[in-house]
Structures are given as C-alpha cells and as structure tokens.
file work.cif (mmCIF, C-alpha atoms (C1' of nucleotides))
data_work
#
loop_
_atom_site.label_atom_id
_atom_site.label_comp_id
_atom_site.auth_asym_id
_atom_site.auth_seq_id
_atom_site.Cartn_x
_atom_site.Cartn_y
_atom_site.Cartn_z
CA MET A 1000 28.12 -38.05 25.08
CA SER A 1001 25.37 -40.24 26.47
CA GLY A 1002 24.08 -43.23 24.56
CA THR A 1003 20.85 -42.30 22.86
CA ALA A 1004 19.64 -38.80 23.59
CA ALA A 1005 15.97 -38.06 24.27
CA PRO A 1006 14.04 -38.50 21.03
CA ILE A 1007 12.83 -35.29 19.45
CA ARG A 1008 9.38 -35.25 17.95
CA ILE A 1009 8.03 -33.05 15.26
CA GLY A 1010 6.52 -30.39 17.51
CA GLU A 1011 9.75 -29.92 19.37
CA LEU A 1012 11.80 -29.89 16.19
CA ALA A 1013 9.50 -27.21 14.84
CA GLU A 1014 9.92 -25.07 17.93
CA LEU A 1015 13.65 -25.53 18.01
CA THR A 1016 13.92 -24.35 14.43
CA GLY A 1017 11.31 -21.62 14.41
CA THR A 1018 9.04 -23.47 12.06
CA THR A 1019 5.82 -25.50 12.33
CA PRO A 1020 5.09 -29.22 12.10
CA ARG A 1021 3.41 -28.57 8.79
CA THR A 1022 6.56 -27.03 7.43
CA ILE A 1023 8.65 -29.98 8.60
CA ARG A 1024 6.31 -32.45 6.95
CA TYR A 1025 6.23 -30.37 3.82
CA TYR A 1026 10.00 -30.32 3.62
CA GLU A 1027 10.01 -34.08 4.00
CA GLU A 1028 7.32 -34.35 1.34
CA ILE A 1029 9.39 -32.55 -1.25
CA GLY A 1030 12.52 -34.43 -0.34
CA LEU A 1031 14.26 -31.60 1.42
CA LEU A 1032 14.44 -33.67 4.61
CA GLY A 1033 14.93 -37.38 4.27
CA CYS A 1034 12.17 -38.93 6.32
CA ALA A 1035 13.42 -40.24 9.65
CA SER A 1036 15.02 -43.40 8.31
CA ASP A 1037 12.87 -46.46 8.93
CA ARG A 1038 9.60 -45.00 10.09
CA GLN A 1039 6.46 -47.04 9.66
CA GLN A 1040 3.23 -45.67 8.25
CA GLY A 1041 1.32 -43.83 10.93
CA LYS A 1042 4.06 -43.84 13.55
CA HIS A 1043 5.39 -40.63 14.98
CA ARG A 1044 8.47 -39.09 13.40
CA CYS A 1045 11.57 -39.07 15.57
CA TYR A 1046 14.47 -36.73 15.08
CA THR A 1047 18.00 -36.25 16.37
CA GLU A 1048 20.15 -33.26 17.16
CA ALA A 1049 21.65 -33.62 13.72
CA ASP A 1050 18.20 -33.11 12.25
CA VAL A 1051 17.78 -29.95 14.29
CA ALA A 1052 21.01 -28.65 12.87
CA ARG A 1053 20.00 -29.56 9.36
CA VAL A 1054 16.62 -27.85 9.57
CA ARG A 1055 18.23 -24.79 11.08
CA GLU A 1056 20.60 -24.60 8.16
CA VAL A 1057 17.81 -25.02 5.65
CA VAL A 1058 15.82 -22.25 7.28
CA ARG A 1059 18.82 -20.01 7.31
CA LEU A 1060 19.62 -20.54 3.68
CA ARG A 1061 15.96 -20.13 2.82
CA ASP A 1062 15.75 -16.79 4.58
CA LEU A 1063 19.13 -15.44 3.57
CA LEU A 1064 19.39 -16.55 -0.01
CA GLY A 1065 15.77 -16.49 -0.98
CA LEU A 1066 16.10 -19.61 -3.06
CA THR A 1067 13.19 -21.79 -4.05
CA LEU A 1068 12.95 -24.94 -1.98
CA GLU A 1069 13.90 -26.90 -5.07
CA GLN A 1070 17.13 -24.97 -5.37
CA LEU A 1071 17.61 -25.45 -1.65
CA SER A 1072 17.14 -29.17 -2.10
CA GLN A 1073 20.20 -29.25 -4.26
CA LEU A 1074 22.25 -27.43 -1.68
CA VAL A 1075 20.94 -29.63 1.11
CA GLU A 1076 21.35 -32.72 -0.91
CA ALA A 1077 24.93 -31.71 -0.61
CA GLU A 1078 24.47 -31.26 3.12
CA ALA A 1079 22.85 -34.66 3.59
CA ALA A 1080 25.54 -36.14 1.44
CA ARG A 1081 28.16 -34.62 3.73
CA ALA A 1082 26.59 -36.31 6.76
CA GLU A 1083 26.79 -39.59 4.92
CA ILE A 1084 30.32 -38.81 3.90
CA ARG A 1085 31.34 -38.19 7.50
CA ARG A 1086 29.84 -41.50 8.55
CA GLU A 1087 31.64 -43.43 5.88
CA PHE A 1088 34.79 -41.47 6.51
CA ARG A 1089 35.01 -42.74 10.07
CA THR A 1090 34.44 -46.35 9.13
CA THR A 1091 36.84 -46.67 6.26
CA GLU A 1092 40.54 -47.34 6.54
CA ASP A 1093 41.46 -46.84 2.95
CA PRO A 1094 43.32 -43.52 2.72
CA SER A 1095 42.58 -43.00 -0.95
CA ARG A 1096 38.89 -43.52 -0.21
CA GLN A 1097 39.17 -41.03 2.62
CA ARG A 1098 40.77 -38.57 0.30
CA SER A 1099 37.96 -38.97 -2.19
CA LEU A 1100 35.35 -38.41 0.49
CA LEU A 1101 37.06 -35.30 1.77
CA GLU A 1102 37.30 -33.88 -1.69
CA GLN A 1103 33.62 -34.45 -2.23
CA ALA A 1104 32.87 -32.60 0.98
CA LEU A 1105 35.10 -29.80 -0.14
CA ARG A 1106 33.27 -29.37 -3.41
CA HIS A 1107 29.94 -29.22 -1.64
CA ILE A 1108 31.14 -26.58 0.77
CA GLU A 1109 32.59 -24.54 -2.03
CA THR A 1110 29.34 -24.62 -3.95
CA GLN A 1111 27.59 -23.10 -0.97
CA LEU A 1112 30.37 -20.62 -0.38
CA ALA A 1113 30.20 -19.38 -3.94
CA LEU A 1114 26.50 -18.76 -3.62
CA VAL A 1115 26.79 -16.98 -0.32
CA ARG A 1116 29.73 -14.86 -1.42
CA GLY A 1117 27.98 -13.84 -4.60
CA ARG A 1118 24.95 -12.72 -2.72
CA ARG A 1119 27.06 -10.91 -0.16
CA ASP A 1120 28.94 -9.06 -2.91
CA ASP A 1121 25.69 -7.90 -4.45
CA LEU A 1122 24.51 -6.64 -1.10
CA GLN A 1123 27.76 -4.84 -0.48
CA ALA A 1124 27.51 -3.08 -3.83
CA LEU A 1125 24.03 -1.92 -2.95
CA GLU A 1126 25.24 -0.87 0.46
CA ARG A 1127 27.99 1.26 -1.04
CA GLU A 1128 25.58 3.02 -3.35
CA LEU A 1129 23.27 3.81 -0.48
CA ALA A 1130 26.16 5.02 1.62
CA ASP A 1131 27.21 7.32 -1.24
CA LYS A 1132 23.74 8.76 -1.43
CA GLU A 1133 23.84 9.35 2.27
CA GLN A 1134 27.08 11.26 1.97
CA THR A 1135 25.66 13.36 -0.83
CA VAL A 1136 22.71 14.36 1.28
CA ARG A 1137 24.91 15.03 4.29
CA ALA A 1138 27.12 17.25 2.17
CA LYS A 1139 24.13 19.29 1.11
CA LEU A 1140 23.09 19.65 4.70
CA ALA A 1141 26.57 20.82 5.54
CA ALA A 1142 26.39 23.33 2.69
CA LEU A 1143 23.32 24.77 4.35
CA GLY A 1144 25.31 25.20 7.50
CA PHE A 1145 24.44 22.13 9.55
CA MET B 927 20.10 17.44 -21.68
CA SER B 928 17.49 17.70 -24.44
CA GLY B 929 13.97 18.85 -23.70
CA THR B 930 11.68 15.88 -23.49
CA ALA B 931 13.39 12.55 -24.05
CA ALA B 932 11.82 9.85 -26.20
CA PRO B 933 8.84 8.39 -24.33
CA ILE B 934 9.37 4.91 -22.99
CA ARG B 935 6.54 2.43 -23.27
CA ILE B 936 5.82 -0.58 -21.18
CA GLY B 937 7.57 -3.13 -23.37
CA GLU B 938 10.76 -1.12 -23.43
CA LEU B 939 10.62 -0.47 -19.71
CA ALA B 940 10.25 -4.19 -19.14
CA GLU B 941 13.27 -4.99 -21.27
CA LEU B 942 15.36 -2.29 -19.69
CA THR B 943 14.62 -3.68 -16.26
CA GLY B 944 14.69 -7.38 -16.98
CA THR B 945 11.01 -7.82 -16.30
CA THR B 946 7.85 -8.21 -18.37
CA PRO B 947 4.94 -5.90 -19.14
CA ARG B 948 2.77 -8.07 -16.93
CA THR B 949 5.10 -7.52 -14.02
CA ILE B 950 5.12 -3.77 -14.56
CA ARG B 951 1.32 -3.66 -14.63
CA TYR B 952 1.14 -5.85 -11.57
CA TYR B 953 3.47 -3.57 -9.67
CA GLU B 954 1.29 -0.65 -10.62
CA GLU B 955 -1.78 -2.61 -9.58
CA ILE B 956 -0.53 -3.16 -6.06
CA GLY B 957 0.69 0.38 -5.71
CA LEU B 958 4.37 -0.34 -6.00
CA LEU B 959 4.64 1.93 -9.03
CA GLY B 960 2.49 5.01 -9.10
CA CYS B 961 0.64 4.84 -12.41
CA ALA B 962 2.13 7.16 -14.99
CA SER B 963 0.63 10.36 -13.68
CA ASP B 964 -2.39 11.44 -15.70
CA ARG B 965 -3.01 8.52 -17.97
CA GLN B 966 -6.48 8.06 -19.43
CA GLN B 967 -8.32 4.77 -19.46
CA GLY B 968 -7.15 2.64 -22.33
CA LYS B 969 -4.23 4.82 -23.37
CA HIS B 970 -0.70 3.47 -23.45
CA ARG B 971 1.46 3.93 -20.38
CA CYS B 972 4.42 6.26 -20.83
CA TYR B 973 7.49 6.21 -18.65
CA THR B 974 10.61 8.27 -18.07
CA GLU B 975 14.21 7.48 -17.28
CA ALA B 976 13.35 8.05 -13.63
CA ASP B 977 10.83 5.23 -13.86
CA VAL B 978 13.47 2.97 -15.33
CA ALA B 979 15.70 3.73 -12.38
CA ARG B 980 12.89 3.13 -9.92
CA VAL B 981 11.92 -0.23 -11.37
CA ARG B 982 15.55 -1.27 -11.45
CA GLU B 983 15.85 -0.48 -7.78
CA VAL B 984 12.67 -2.36 -6.96
CA VAL B 985 13.88 -5.41 -8.83
CA ARG B 986 17.21 -5.24 -7.12
CA LEU B 987 15.75 -5.01 -3.65
CA ARG B 988 13.28 -7.74 -4.51
CA ASP B 989 16.02 -10.10 -5.60
CA LEU B 990 18.57 -9.22 -2.96
CA LEU B 991 16.43 -8.86 0.11
CA GLY B 992 13.69 -11.29 -0.71
CA LEU B 993 11.05 -9.05 0.76
CA THR B 994 7.38 -9.35 -0.03
CA LEU B 995 6.18 -6.75 -2.48
CA GLU B 996 4.22 -5.17 0.34
CA GLN B 997 7.37 -4.70 2.37
CA LEU B 998 9.02 -3.42 -0.77
CA SER B 999 6.21 -0.92 -1.18
CA GLN B 1000 7.19 0.66 2.07
CA LEU B 1001 10.80 0.95 1.02
CA VAL B 1002 9.85 2.33 -2.37
CA GLU B 1003 7.30 4.62 -0.91
CA ALA B 1004 10.39 6.10 0.65
CA GLU B 1005 12.04 6.13 -2.76
CA ALA B 1006 9.12 7.84 -4.44
CA ALA B 1007 9.02 10.28 -1.58
CA ARG B 1008 12.68 11.09 -2.18
CA ALA B 1009 11.97 11.91 -5.82
CA GLU B 1010 9.26 14.27 -4.67
CA ILE B 1011 11.59 15.68 -2.09
CA ARG B 1012 14.24 16.40 -4.70
CA ARG B 1013 11.69 18.19 -6.85
CA GLU B 1014 10.50 20.37 -4.04
CA PHE B 1015 14.04 20.91 -2.87
CA ARG B 1016 15.01 22.60 -6.12
CA THR B 1017 11.98 24.88 -6.14
CA THR B 1018 12.08 26.14 -2.62
CA GLU B 1019 14.22 28.95 -1.35
CA ASP B 1020 13.48 28.57 2.33
CA PRO B 1021 16.62 27.10 3.91
CA SER B 1022 14.79 25.65 6.90
CA ARG B 1023 12.40 23.93 4.50
CA GLN B 1024 15.39 22.63 2.57
CA ARG B 1025 16.90 21.34 5.76
CA SER B 1026 13.72 19.52 6.63
CA LEU B 1027 13.57 17.91 3.19
CA LEU B 1028 17.17 16.78 3.36
CA GLU B 1029 16.64 15.27 6.76
CA GLN B 1030 13.65 13.36 5.48
CA ALA B 1031 15.74 12.01 2.64
CA LEU B 1032 18.40 11.03 5.11
CA ARG B 1033 16.02 9.02 7.22
CA HIS B 1034 14.73 7.17 4.18
CA ILE B 1035 18.21 6.26 3.08
CA GLU B 1036 19.14 5.09 6.53
CA THR B 1037 16.12 2.84 6.72
CA GLN B 1038 17.27 1.10 3.57
CA LEU B 1039 20.86 1.00 4.74
CA ALA B 1040 19.91 -0.67 8.01
CA LEU B 1041 18.03 -3.38 6.14
CA VAL B 1042 20.82 -3.99 3.68
CA ARG B 1043 23.53 -4.00 6.33
CA GLY B 1044 21.61 -6.39 8.53
CA ARG B 1045 21.19 -8.80 5.70
CA ARG B 1046 24.81 -8.47 4.70
CA ASP B 1047 25.94 -9.19 8.26
CA ASP B 1048 23.86 -12.34 8.35
CA LEU B 1049 25.38 -13.48 5.10
CA GLN B 1050 28.88 -12.77 6.33
CA ALA B 1051 28.28 -14.83 9.45
CA LEU B 1052 27.15 -17.72 7.30
CA GLU B 1053 30.11 -17.21 5.03
CA ARG B 1054 32.53 -17.42 7.94
CA GLU B 1055 31.01 -20.65 9.17
CA LEU B 1056 31.29 -22.19 5.75
CA ALA B 1057 34.86 -20.99 5.42
CA ASP B 1058 35.66 -22.61 8.78
CA LYS B 1059 34.20 -25.89 7.63
CA GLU B 1060 36.29 -25.65 4.52
CA GLN B 1061 39.44 -25.21 6.56
CA THR B 1062 38.56 -28.18 8.73
CA VAL B 1063 38.21 -30.40 5.70
CA ARG B 1064 41.39 -29.04 4.18
CA ALA B 1065 43.24 -29.76 7.41
CA LYS B 1066 42.09 -33.36 7.31
CA LEU B 1067 43.25 -33.65 3.73
CA ALA B 1068 46.60 -32.28 4.77
CA ALA B 1069 46.75 -34.81 7.60
CA LEU B 1070 46.40 -37.51 4.98
CA GLY B 1071 49.40 -36.10 3.18
CA PHE B 1072 47.87 -33.90 0.49
"C1'" DT C 1419 -6.65 6.61 -44.30
"C1'" DG C 1420 -5.25 2.09 -43.84
"C1'" DC C 1421 -2.00 -1.21 -41.85
"C1'" DT C 1422 0.64 -3.32 -38.36
"C1'" DA C 1423 2.79 -3.66 -34.04
"C1'" DA C 1424 2.32 -2.78 -29.50
"C1'" DT C 1425 -0.66 -1.99 -25.70
"C1'" DC C 1426 -5.04 -2.04 -23.22
"C1'" DT C 1427 -8.34 -4.31 -19.89
"C1'" DG C 1428 -10.31 -8.05 -17.75
"C1'" DA C 1429 -10.21 -12.62 -16.22
"C1'" DC C 1430 -8.79 -17.07 -15.38
"C1'" DG C 1431 -4.60 -20.21 -14.59
"C1'" DC C 1432 -0.53 -21.72 -12.28
"C1'" DT C 1433 3.25 -22.61 -8.91
"C1'" DT C 1434 5.31 -22.16 -4.46
"C1'" DA C 1435 5.02 -22.65 0.37
"C1'" DC C 1436 2.72 -23.50 3.48
"C1'" DG C 1437 -2.30 -23.10 6.71
"C1'" DT C 1438 -6.08 -25.52 8.33
"C1'" DA C 1439 -9.55 -28.79 9.42
"C1'" DA C 1440 -11.20 -33.70 10.28
"C1'" DG C 1441 -11.06 -38.12 11.96
"C1'" DA C 1442 -8.04 -41.89 13.19
"C1'" DA C 1443 -3.97 -43.56 15.42
"C1'" DT C 1444 0.03 -43.28 18.67
"C1'" DC C 1445 2.53 -42.47 22.90
"C1'" DA C 1446 3.47 -41.57 27.74
"C1'" DA C 1447 1.60 -41.61 32.03
"C1'" DT C 1448 -1.51 -43.15 35.43
"C1'" DA D 888 -6.60 -50.16 30.47
"C1'" DT D 889 -7.92 -45.55 30.00
"C1'" DT D 890 -6.98 -40.91 29.27
"C1'" DG D 891 -5.03 -36.87 27.31
"C1'" DA D 892 -1.75 -34.72 24.50
"C1'" DT D 893 0.49 -35.09 20.39
"C1'" DT D 894 0.95 -36.81 15.97
"C1'" DC D 895 -0.75 -39.26 11.84
"C1'" DT D 896 -2.76 -38.96 6.96
"C1'" DT D 897 -5.65 -36.85 3.62
"C1'" DA D 898 -7.23 -33.13 1.43
"C1'" DC D 899 -8.89 -28.84 0.47
"C1'" DG D 900 -7.79 -23.66 1.12
"C1'" DT D 901 -4.95 -19.52 0.56
"C1'" DA D 902 -1.81 -15.66 -0.58
"C1'" DA D 903 1.82 -13.97 -3.45
"C1'" DG D 904 3.62 -13.21 -7.87
"C1'" DC D 905 3.18 -13.36 -11.93
"C1'" DG D 906 1.78 -16.14 -16.97
"C1'" DT D 907 -1.43 -16.36 -20.50
"C1'" DC D 908 -5.20 -15.76 -23.50
"C1'" DA D 909 -9.03 -12.98 -25.82
"C1'" DG D 910 -10.91 -9.19 -27.92
"C1'" DA D 911 -10.80 -4.35 -28.23
"C1'" DT D 912 -8.00 -0.13 -28.66
"C1'" DT D 913 -4.15 2.89 -29.64
"C1'" DA D 914 0.07 4.71 -31.81
"C1'" DG D 915 3.16 5.48 -35.42
"C1'" DC D 916 4.01 5.19 -40.22
"C1'" DA D 917 3.29 5.01 -45.35
#
call {"tool": "encode", "arguments": {"input": "work.cif", "output": "structure tokens"}}
result
Amino acid sequence: MSGTAAPIRIGELAELTGTTPRTIRYYEEIGLLGCASDRQQGKHRCYTEADVARVREVVRLRDLLGLTLEQLSQLVEAEAARAEIRREFRTTEDPSRQRSLLEQALRHIETQLALVRGRRDDLQALERELADKEQTVRAKLAALGF
Amino acid sequence: MSGTAAPIRIGELAELTGTTPRTIRYYEEIGLLGCASDRQQGKHRCYTEADVARVREVVRLRDLLGLTLEQLSQLVEAEAARAEIRREFRTTEDPSRQRSLLEQALRHIETQLALVRGRRDDLQALERELADKEQTVRAKLAALGF
DNA sequence: TGCTAATCTGACGCTTACGTAAGAATCAAT
DNA sequence: ATTGATTCTTACGTAAGCGTCAGATTAGCA
C-alpha cells in the first residue's frame, strides 16, 4: 500500500458508485454517510476507498432489499460501527476487549444476514410457485401433442 | 363450487390483501387493476376471488421486487392477460389456437421468472459475502481462544 | 321506509428520495 | 494571479405512493 492514495472527490465517488453528487450529499444529510471527518464549511468533500466501498454497499442494500433509507441507516450504522471496531481492534492489546469487539461485529453481520436470508427465502418461494405454473402450462402443451 | 360466491367489496378486499381501500382505488386509478368490469358511476365496487388473488400477487411483487407500480403494471398486464387466456382457452376447440394461448402464457410466466431469479441471484451473492465475513470474524474469535 | 355502515368521488396533504437551478467559493494548473 | 472545472450551500421543484377529510350516495337490514 502507498501512503495516502489520491483523494476522491464527490463527482468521482458518485461515478464509482453509480450515483450522483446530489445523492451522496443527501445521504450525508440524513446521516447515512458520516461527513468526511473534519471538513470545514464550504470546502470540498474528500473520500477514501473505504467510502467507495461503503456507498457501494448502501446502494446494493437499497436496490436489493428495498428498504427506506432510514432503515438502511440502521444497517449502515452497523457498518460504520464495524469500521470503527476494526480500527480499535488493531490498536488494543486487551484480549477480552478484542473479544468484545469481535462479538459486536458478529452481531451486526448476523443482523444483515437475517434480513438478506429472509428476503431470499421469500423470493425463492415465489420462484417455486412460478416454476410450478410453468410446468402446468408445459404439461398442457404436451397433452396437445407438443 | 356454488354458483355466484358472495360479492366482495373494497373494504374486504383490502383486508384480505393487507392493503387499504385507498390503495385499491389508487391501483385502479393507475391502471394496475382493471376496474370491476361494468361498474356505474357512484356504485360500489364488487370483486371476486380472482381479484383477491391478483391483488395479493401485486402486493407480493411490489414488496419483494421493489418495482415501481408502472413496472408492476407491465408484469400484471401479463397476469391479467393470462386470466383472459385461461378463459378463452376453455371455450375454444381449435387445438392450434389452444397451443398459441398456452405459449403466450408460457412467455408471460418466464418473464416473471427471469425477474425473480435475477433478484434472487443478487441476494444470494450478497448473502455469500456476508457469510464469508462472518466466518472471518469467527476465525479471529477462535484465534483468541473462543 | 328509515337507519346505519360502508362506499363513492374529488381534492388537498404528506413523506421519501432525490433533481435542478443560482450564485459564491474552492482547487489544480498555468 | 488568473482561469476553468468542480464543488459548495441554499432552496425550491418533482414524482411516486398513498393518507385523510368532506359531503354525497349506496347497500343491506329491520
């Protein structure tokens, strides 16, 4: 890894994540994206690769789960918390503290997993019903001699 | 089956589908639900079991796929078409006409299936990534002796 | 026929998730 | 230092998807 990578500005972040600058600012406005740390009023926002990853995840969850951005905030609060957890994890020596941090991370991941699995199950049920219908129709076609 | 089943009115339809009368009227307004055939201005809307099924499907697709109601209209246009197809199917004797109807139905079903499968695949990919993260964290916990 | 509950038709309101426009400020390069 | 591209803040606009209220009408029952 090099020292400090090239700074990413809002336009680039938007492109990299398939969004727009307006969307990025809006997400910051509602607390979905913590504003870039210690930015001063009027200065340009600067982002990192980690931010790119975070926005990508938000967009993905938004599109796949169809949650409101408020619900997403709760999930991503977990995500932001995990980043913080990783940072603290590397700088602490206390094993019991490390254990606590890991268990927190685990709970966050499992919250997301439960949501995703639930949605996937629902979709699979629907898929099976559609597949059944398809078979029914195909059987009728076969009965006609096709 | 009895002759004509008890007529279902808008309030009941709403309850049966987990919606509200307003939602039902709105769906009719935007063409998602063909208005109950030959209703006269001011008269109460009457629905059938088939309508219950249709609204249930709409709601399900709405919640699971997160499509706009316009996109849903296209899917349900297919659904309404299938109902019509089934009606005509039973009243026609011409086998080649029957074949044509069945093949139409098949295409409609496959359109829906493609959508549902695509979405399910996306969710599964996300699920795998989350599961991987979970394993990573669990491994670290194990490394700490838990 | 009279009563009551449910429904009807507008029509305006509201929230979410951004789009868009305007004028000032910033940043990188020359 | 000037320029040009990008970004800044502020603020109003918009589309979707209903909620809600008002006053009139309808449907089923005694």
call {"tool": "residues_around", "arguments": {"input": "work.cif", "residues": "stretch 1053-1063 of chain A", "least_positions_apart": "5", "cutoff": "8 Å", "atoms": "all atoms listed in the file", "output": "VMD selection string"}}
result
(chain A and resid 1016 1032 1068 1071 1075 1078) or (chain B and resid 991 to 992 1045 1048 to 1049)
call {"tool": "atom_distance", "arguments": {"input": "work.cif", "atom1": "atom CA of B:Arg1025", "atom2": "atom CA of B:Ala979"}}
result
25.3 Å
call {"tool": "atom_distance", "arguments": {"input": "work.cif", "atom1": "atom CA of B:Gln997", "atom2": "atom C1' of D:DG904"}}
result
13.8 Å
call {"tool": "closest_atom_pairs", "arguments": {"input": "work.cif", "of": "chain C", "to": "stretch 967-971 of chain B", "cutoff": "10 Å", "atoms": "all atoms listed in the file", "output": "CSV"}}
result
residue,atom,partner,partner_atom,distance
C:DA1424,C1',B:His970,CA,9.2
C:DT1425,C1',B:His970,CA,5.9
C:DC1426,C1',B:Gly968,CA,5.2
C:DT1427,C1',B:Gly968,CA,7.5
call {"tool": "write_last_selection", "arguments": {"input": "work.cif", "atoms": "C-alpha atoms (C1' of nucleotides)", "output": "PDB file, keeping the file's coordinate frame"}}
result
ATOM      1  C1'  DA C1424       2.320  -2.780 -29.500  1.00  0.00           C
ATOM      2  C1'  DT C1425      -0.660  -1.990 -25.700  1.00  0.00           C
ATOM      3  C1'  DC C1426      -5.040  -2.040 -23.220  1.00  0.00           C
ATOM      4  C1'  DT C1427      -8.340  -4.310 -19.890  1.00  0.00           C
TER       5       DT C1427
END
call {"tool": "resolve_selection", "arguments": {"input": "work.cif", "expression": "the PyMOL selection byres ((chain B and resi 1071) around 12)", "output": "list in words"}}
result
Pro1094, Ser1095, Gln1097 and Arg1098 of chain A; Arg1064, Ala1065, Lys1066, Leu1067, Ala1068, Ala1069, Leu1070 and Phe1072 of chain B
call {"tool": "resolve_selection", "arguments": {"input": "work.cif", "expression": "the PyMOL selection byres ((chain C and resi 1422) around 12)", "output": "mmCIF file with C-alpha atoms (C1' of nucleotides), in the coordinates of the input"}}
result
data_model
loop_
_atom_site.group_PDB
_atom_site.id
_atom_site.type_symbol
_atom_site.label_atom_id
_atom_site.label_comp_id
_atom_site.auth_asym_id
_atom_site.auth_seq_id
_atom_site.Cartn_x
_atom_site.Cartn_y
_atom_site.Cartn_z
ATOM 1 C "C1'" DG C 1420 -5.250 2.090 -43.840
ATOM 2 C "C1'" DC C 1421 -2.000 -1.210 -41.850
ATOM 3 C "C1'" DA C 1423 2.790 -3.660 -34.040
ATOM 4 C "C1'" DA C 1424 2.320 -2.780 -29.500
ATOM 5 C "C1'" DT D 913 -4.150 2.890 -29.640
ATOM 6 C "C1'" DA D 914 0.070 4.710 -31.810
ATOM 7 C "C1'" DG D 915 3.160 5.480 -35.420
ATOM 8 C "C1'" DC D 916 4.010 5.190 -40.220
ATOM 9 C "C1'" DA D 917 3.290 5.010 -45.350
#
call {"tool": "resolve_selection", "arguments": {"input": "work.cif", "expression": "the PyMOL selection byres ((chain A and resi 1009) around 9)", "output": "number ranges by chain"}}
result
A: 1007-1008, 1010-1014, 1019-1020, 1023-1024, 1043-1046; D: 894
call {"tool": "axis_aligned_box", "arguments": {"input": "work.cif", "around": "stretch 956-961 of chain B", "padding_each_side": "4 Å", "output": "JSON"}}
result
{"center_x": 2.1, "center_y": 0.9, "center_z": -9.1, "size_x": 13.2, "size_y": 16.2, "size_z": 14.7}
call {"tool": "atom_distance", "arguments": {"input": "work.cif", "atom1": "atom CA of B:Leu1032", "atom2": "atom CA of B:Arg1046"}}
result
20.5 Å
call {"tool": "closest_atom_pairs", "arguments": {"input": "work.cif", "of": "chain D", "to": "chain B", "cutoff": "12 Å", "atoms": "only C-alpha atoms (C1' of nucleotides)", "output": "Markdown table"}}
result
| residue | atom | partner | partner_atom | distance |
| --- | --- | --- | --- | --- |
| D:DA902 | C1' | B:Thr994 | CA | 11.2 |
| D:DA903 | C1' | B:Thr994 | CA | 8.0 |
| D:DG904 | C1' | B:Thr949 | CA | 8.5 |
| D:DC905 | C1' | B:Thr949 | CA | 6.5 |
| D:DG906 | C1' | B:Arg948 | CA | 8.1 |
| D:DT907 | C1' | B:Arg948 | CA | 10.0 |
| D:DA911 | C1' | B:Gly968 | CA | 9.8 |
| D:DT912 | C1' | B:Gly968 | CA | 7.0 |
| D:DT913 | C1' | B:Lys969 | CA | 6.6 |
| D:DA914 | C1' | B:His970 | CA | 8.5 |
call {"tool": "closest_atom_pairs", "arguments": {"input": "work.cif", "of": "chain C", "to": "chain A", "cutoff": "10 Å", "atoms": "all atoms listed in the file", "output": "JSON lines"}}
result
{"residue": "C:DT1434", "atom": "C1'", "partner": "A:Thr1067", "partner_atom": "CA", "distance": 7.9}
{"residue": "C:DA1435", "atom": "C1'", "partner": "A:Thr1022", "partner_atom": "CA", "distance": 8.4}
{"residue": "C:DC1436", "atom": "C1'", "partner": "A:Thr1022", "partner_atom": "CA", "distance": 6.5}
{"residue": "C:DG1437", "atom": "C1'", "partner": "A:Arg1021", "partner_atom": "CA", "distance": 8.2}
{"residue": "C:DT1438", "atom": "C1'", "partner": "A:Arg1021", "partner_atom": "CA", "distance": 10.0}
{"residue": "C:DA1442", "atom": "C1'", "partner": "A:Gly1041", "partner_atom": "CA", "distance": 9.8}
{"residue": "C:DA1443", "atom": "C1'", "partner": "A:Gly1041", "partner_atom": "CA", "distance": 6.9}
{"residue": "C:DT1444", "atom": "C1'", "partner": "A:Lys1042", "partner_atom": "CA", "distance": 6.5}
{"residue": "C:DC1445", "atom": "C1'", "partner": "A:His1043", "partner_atom": "CA", "distance": 8.6}
call {"tool": "closest_residue", "arguments": {"input": "work.cif", "among": "B:Leu1041, B:Leu1028, B:Glu955, B:Arg1013", "to": "chain A", "atoms": "only C-alpha atoms"}}
result
B:Leu1028
call {"tool": "residues_around", "arguments": {"input": "work.cif", "residues": "A:Leu1129", "least_positions_apart": "6", "cutoff": "10 Å", "atoms": "all atoms listed in the file", "output": "short mmCIF file (atom, residue, chain, number, x, y, z; two decimals) with C-alpha atoms, keeping the file's coordinate frame"}}
result
data_model
loop_
_atom_site.label_atom_id
_atom_site.label_comp_id
_atom_site.auth_asym_id
_atom_site.auth_seq_id
_atom_site.Cartn_x
_atom_site.Cartn_y
_atom_site.Cartn_z
CA GLN A 1123 27.76 -4.84 -0.48
CA THR A 1135 25.66 13.36 -0.83
CA ILE B 1035 18.21 6.26 3.08
CA GLU B 1036 19.14 5.09 6.53
CA GLN B 1038 17.27 1.10 3.57
CA LEU B 1039 20.86 1.00 4.74
CA VAL B 1042 20.82 -3.99 3.68
#
